[in-house]
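Asker: Handing you this structure, nothing more for now.
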Amino acid sequence: MDKIEIINAIYHEYFLNDLVASESFDFTLDADRIYVIRNINKFDNLSKQEIIENVRNRFLSFINSDDPNVVDKQTLHITHPLYISIQRCLILFETIKKISDIDLKMDFEEFTTITHMIIFRVLLYNTYAMYSITNEIELFYNSFKCIFGKEKISNWFTAEEIHSLNKNISIAKINNYLDLFSIDISSINSVLDPFKIIKNSKSNEYTLIFLHDFTYNLYQMLEDIILSKFNKNDQKISEYGNIRGTMFEKYIVLLLNDSISKKNIYTNYYYRDIDGNDSELDVLVEFDNLLLNIECKSSRFDPMLANNPGILDDRFIKAYKRSYESIDRFQRTIEGKQIITLRKEGSKKLLDIRNKKVVSVHATAYDMRYISTEIQRNIITSLPKYKYFPININCIDLQCMLLEIRFGGKGDKNFQKYLMNRFEMINSQKNLKFDVDEIDVYGYFIDENESNIKTLNILKEYANIDIQIDLMISNGIYREKINKELSEMFFENRIIDFTEETISDYIIRIFTKNN
């Protein structure tokens with residue numbers, strides 16, 4: 001099989017599953033597909049059976065020894081909502097506005113529009129392929145023809161096809177975007193390459209297999225592009241990091257303002273800490289029965305690149321040690337207090353916390369998978385022994401939770417219930433690992449079905465047990481529900497914002513039937 005055949009087979013198997021089993025590799029794990037794509041240049045001209053055998057050997061190697069090249073997709077793959085993942089990139093676009101010598105040749109609006117057009121193009125083809133196999137294509141044939149002006153489409157697209165979806169964005173802008181976020185099929189070799197747009201330079205066509213991974217990793221790809229422009233200038237990189245941190249705090253406040261009254265949100269206040277020093281608090285949110293302290297951290301923490309415990313320690317300490325110390329110091333300071341005195345620019349504010357539970361959240365721009373509740377079990381051996389540990393929530397998941405406040409009847413109460421119970425669990429059951437996917441943890445606390453209640457009661461029994469307990473939540477139980485709701489809301493309301501008016505109705509018709 002040549003490279004294009006391999007990509008095509010994996011693409012159709014990934015989306016269509018059993019419908020194309022006879023033409024696929026029959027890989028059972030996403031990790032196998034990612035492994036093949038990452039090593040595609042080593043597999044060139046191998047037969048399908050030889051590639052499958054190579055994957056089997058790799059799997060046995062993974063079982064019998066530590067393989068630093070393995071991407072364990074079972075653990076790493078969490079399907080974040082598409083448009084919220086894209087919105088997170090606003091942090092970086094606002095950052096580079098403050099840096100005069102960075103020019104991406106597009107603004108955030110153009111970036112989001114092109115990204116959404118690519119999403120629509122990928123989903124349109126997936127739907128087209130499914131209808132073709134299930135013999136429903138006749139119902140939508142005219143719609144597809146009106147959108148693309150051609151008899152048949154494939155999973156490989158061109159800049160011109162993307163341009164046809166929205167002619168307000170020039171082909172030059174689209175080509176610039178594709179140059180930034182694609183990789184030629186002959187150059188694939190790193191851990192994130194399978195998640196990029198893949199280019200076939202011979203035909204100047206592009207394909208995209210892992211759509212959710214692509215939108216999630218756009219933030220990291222974009223940051224890598226920005227950092228490369230500093231040419232390893234430490235002073236410039238430090239300046240960039242400081243501005244990015246400020247923009248991330250503003251982004252978190254922006255998310256909060258969409259769902260919570262501004263009068264209940266306090267930013268960048270100082271308090272006198274337990275050691276007598278003036279310490280800054282990034283964000284405080286006041287509810288009737290709860291005070292939420294949010295420490296914002298925009299630093300990258302990528303456990304995929306930590307191949308041993310020592311590197312994991314170093315990366316975590318570099319990214320997050322100061323924020324963990326700040327959270328622990330705040331929680332110890334307010335122990336037993338009835339009033340917190342806050343100061344900002346000469347003004348003073350008194351917060352009455354007598355009847356409030358005080359909870360700290362560590363809001364991150366990047367995911368902290370593999371860490372979350374594990375940190376209280378001292379897996380980072382070089383860290384001090386903190387008394388209090390925060391809830392770790394990346395900003396994408398935080399926005400999902402806040403959207404429930406905005407659109408759900410019990411969202412406000414659900415959010416507070418989750419915060420109080422999760423914080424208590426982390427700080428009372430310190431030998432328990434209960435995570436992987438924070439949205440699923442959220443679902444366990446707010447969805448009081450019989451199964452969830454039984455699980456949470458079991459957890460309470462482990463509160464005082466000294467031995468380590470690992471409880472892994474199945475990835476996607478509650479997230480699937482959240483993603484479905486957000487996707488439906490997005491497709492119903494936003495297609496017309498990103499595509500030509502003359503074809504929007506056709507696209508809505510296709511997606512509405514598909515959903």
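All residue names refer to the structure tokens as shown: chains lettered A, B, ... in order, residues numbered from 1 in each chain, ligands numbered from 1 in order.
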Give me the range 407-440 of chain A side of the contact with range 379-396 of chain A, cut-off 7 Å, one line per residue showing its nearest atom pair and distance in Å at one decimal, counting only C-alpha atoms, sorted by chain and residue number, as a tab-separated table.

Answerer:
```
residue	atom	partner	partner_atom	distance
A:Phe423	CA	A:Ile391	CA	6.1
A:Ile426	CA	A:Phe389	CA	6.9
A:Asn427	CA	A:Tyr388	CA	6.2
A:Glu438	CA	A:Ile393	CA	6.9
```

Asker: Any chance you could export the current selection's N, CA and C atoms as a short mmCIF file (atom, residue, chain, number, x, y, z; two decimals), in the first residue's frame?

Answerer:
```cif
data_model
loop_
_atom_site.label_atom_id
_atom_site.label_comp_id
_atom_site.auth_asym_id
_atom_site.auth_seq_id
_atom_site.Cartn_x
_atom_site.Cartn_y
_atom_site.Cartn_z
N PHE A 423 -13.93 19.25 45.68
CA PHE A 423 -12.85 19.78 46.51
C PHE A 423 -12.71 18.97 47.79
N ILE A 426 -11.05 15.54 46.95
CA ILE A 426 -9.62 15.63 46.70
C ILE A 426 -8.84 15.77 48.00
N ASN A 427 -9.39 16.52 48.94
CA ASN A 427 -8.64 16.84 50.15
C ASN A 427 -8.96 15.95 51.35
N GLU A 438 -12.49 15.32 33.65
CA GLU A 438 -13.15 16.10 34.69
C GLU A 438 -14.63 16.34 34.40
#
```

Asker: What parts of range 240-456 of chain A does DSSP call alpha helix (DSSP H)? I'd like the answer as a ChimeraX atom specification.

Answerer: /A:240-257,309-333,395-407,411-428,438-446,450-456

Asker: Which of these, A:Ser428, A:Ser143, A:Gln416, A:Asn204, has the shortest distance to Arg509 in chain A once you count only C-alpha atoms?

Answerer: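 Using only C-alpha atoms, the shortest distance to Arg509 in chain A belongs to A:Ser143.
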
Asker: Among range 119-288 of chain A, which residues carry a DSSP assignment of strand (DSSP E or B), reported as a PyMOL selection string?

Answerer: chain A and resi 157+182-184+197-200+205-207+265-272+278-286

Asker: When you look at Phe330 in chain A with a cut-off of 12 Å (counting only C-alpha atoms), what residues show up, excluding the ones that are within fewer than 2 positions of it in the same chain? I need them as an MDAnalysis selection string.

Answerer: chainID A and resid 270:282 284 292:295 323:328 332:335 337 340 358:361 386:390

Asker: Write a file of the selected residues as a short mmCIF file (atom, residue, chain, number, x, y, z; two decimals), in the first residue's frame, keeping N, CA and C atoms.

Answerer:
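Final output, selection-v4.cif:
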```cif
data_model
loop_
_atom_site.label_atom_id
_atom_site.label_comp_id
_atom_site.auth_asym_id
_atom_site.auth_seq_id
_atom_site.Cartn_x
_atom_site.Cartn_y
_atom_site.Cartn_z
N TYR A 270 -5.63 41.80 46.48
CA TYR A 270 -4.58 41.31 47.38
C TYR A 270 -5.17 41.01 48.76
N TYR A 271 -4.57 40.07 49.46
CA TYR A 271 -4.95 39.78 50.84
C TYR A 271 -3.68 39.56 51.65
N ARG A 272 -3.75 39.70 52.96
CA ARG A 272 -2.60 39.48 53.85
C ARG A 272 -2.57 38.00 54.20
N ASP A 273 -1.52 37.28 53.72
CA ASP A 273 -1.50 35.82 53.87
C ASP A 273 -0.99 35.39 55.23
N ILE A 274 -0.94 34.09 55.45
CA ILE A 274 -0.61 33.48 56.75
C ILE A 274 0.80 33.85 57.21
N ASP A 275 1.67 34.21 56.26
CA ASP A 275 3.04 34.60 56.59
C ASP A 275 3.19 36.11 56.73
N GLY A 276 2.06 36.84 56.61
CA GLY A 276 2.11 38.30 56.78
C GLY A 276 2.46 39.05 55.52
N ASN A 277 2.47 38.37 54.37
CA ASN A 277 2.81 39.02 53.11
C ASN A 277 1.54 39.35 52.32
N ASP A 278 1.62 40.36 51.48
CA ASP A 278 0.51 40.68 50.57
C ASP A 278 0.59 39.76 49.36
N SER A 279 -0.45 38.94 49.19
CA SER A 279 -0.49 37.98 48.08
C SER A 279 -1.66 38.29 47.17
N GLU A 280 -1.47 38.08 45.87
CA GLU A 280 -2.51 38.40 44.90
C GLU A 280 -3.38 37.19 44.62
N LEU A 281 -4.66 37.44 44.43
CA LEU A 281 -5.63 36.43 44.01
C LEU A 281 -6.07 36.76 42.59
N ASP A 282 -5.97 35.78 41.69
CA ASP A 282 -6.32 36.05 40.30
C ASP A 282 -7.81 36.38 40.16
N LEU A 284 -11.77 35.77 42.25
CA LEU A 284 -12.67 35.24 43.27
C LEU A 284 -14.09 35.37 42.76
N LEU A 292 -15.43 30.90 45.54
CA LEU A 292 -14.56 30.18 44.62
C LEU A 292 -13.31 30.99 44.33
N ASN A 293 -12.16 30.42 44.65
CA ASN A 293 -10.87 31.02 44.35
C ASN A 293 -10.30 30.34 43.10
N ILE A 294 -10.03 31.13 42.05
CA ILE A 294 -9.50 30.56 40.80
C ILE A 294 -8.10 31.06 40.57
N GLU A 295 -7.16 30.16 40.54
CA GLU A 295 -5.77 30.46 40.18
C GLU A 295 -5.60 30.11 38.70
N SER A 323 1.71 28.12 41.54
CA SER A 323 0.26 28.24 41.68
C SER A 323 -0.26 27.29 42.76
N TYR A 324 0.36 26.12 42.89
CA TYR A 324 -0.05 25.20 43.95
C TYR A 324 0.29 25.78 45.32
N GLU A 325 1.44 26.42 45.41
CA GLU A 325 1.82 27.06 46.68
C GLU A 325 0.86 28.19 47.02
N SER A 326 0.47 28.97 46.01
CA SER A 326 -0.45 30.08 46.23
C SER A 326 -1.81 29.60 46.72
N ILE A 327 -2.30 28.52 46.11
CA ILE A 327 -3.60 27.96 46.51
C ILE A 327 -3.54 27.43 47.94
N ASP A 328 -2.50 26.68 48.25
CA ASP A 328 -2.36 26.11 49.60
C ASP A 328 -2.26 27.22 50.64
N ARG A 332 -4.96 27.90 53.73
CA ARG A 332 -4.53 27.85 55.13
C ARG A 332 -4.79 29.18 55.83
N THR A 333 -4.67 30.28 55.08
CA THR A 333 -4.87 31.61 55.66
C THR A 333 -6.31 31.81 56.13
N ILE A 334 -7.28 31.31 55.35
CA ILE A 334 -8.68 31.60 55.68
C ILE A 334 -9.29 30.57 56.63
N GLU A 335 -8.50 29.56 57.05
CA GLU A 335 -9.01 28.58 58.01
C GLU A 335 -9.52 29.27 59.27
N LYS A 337 -11.44 31.70 59.66
CA LYS A 337 -11.74 33.13 59.54
C LYS A 337 -13.22 33.35 59.25
N ILE A 340 -12.75 38.03 55.21
CA ILE A 340 -11.53 38.19 54.43
C ILE A 340 -11.45 39.65 54.00
N VAL A 358 -15.18 27.53 51.13
CA VAL A 358 -14.17 28.14 50.26
C VAL A 358 -13.47 27.04 49.47
N VAL A 359 -13.53 27.16 48.16
CA VAL A 359 -13.02 26.13 47.25
C VAL A 359 -12.02 26.76 46.29
N SER A 360 -10.92 26.08 46.04
CA SER A 360 -9.93 26.58 45.09
C SER A 360 -9.88 25.71 43.85
N VAL A 361 -9.85 26.39 42.70
CA VAL A 361 -9.74 25.74 41.40
C VAL A 361 -8.46 26.21 40.72
N TYR A 386 1.77 19.71 50.63
CA TYR A 386 0.70 20.70 50.76
C TYR A 386 -0.43 20.15 51.62
N LYS A 387 -1.09 21.07 52.33
CA LYS A 387 -2.26 20.68 53.10
C LYS A 387 -3.51 20.66 52.24
N TYR A 388 -3.57 21.58 51.28
CA TYR A 388 -4.74 21.69 50.41
C TYR A 388 -4.33 21.56 48.95
N PHE A 389 -5.17 20.85 48.19
CA PHE A 389 -4.95 20.67 46.76
C PHE A 389 -6.18 21.17 46.00
N PRO A 390 -5.98 21.81 44.85
CA PRO A 390 -7.12 22.38 44.12
C PRO A 390 -7.78 21.36 43.20
#
```
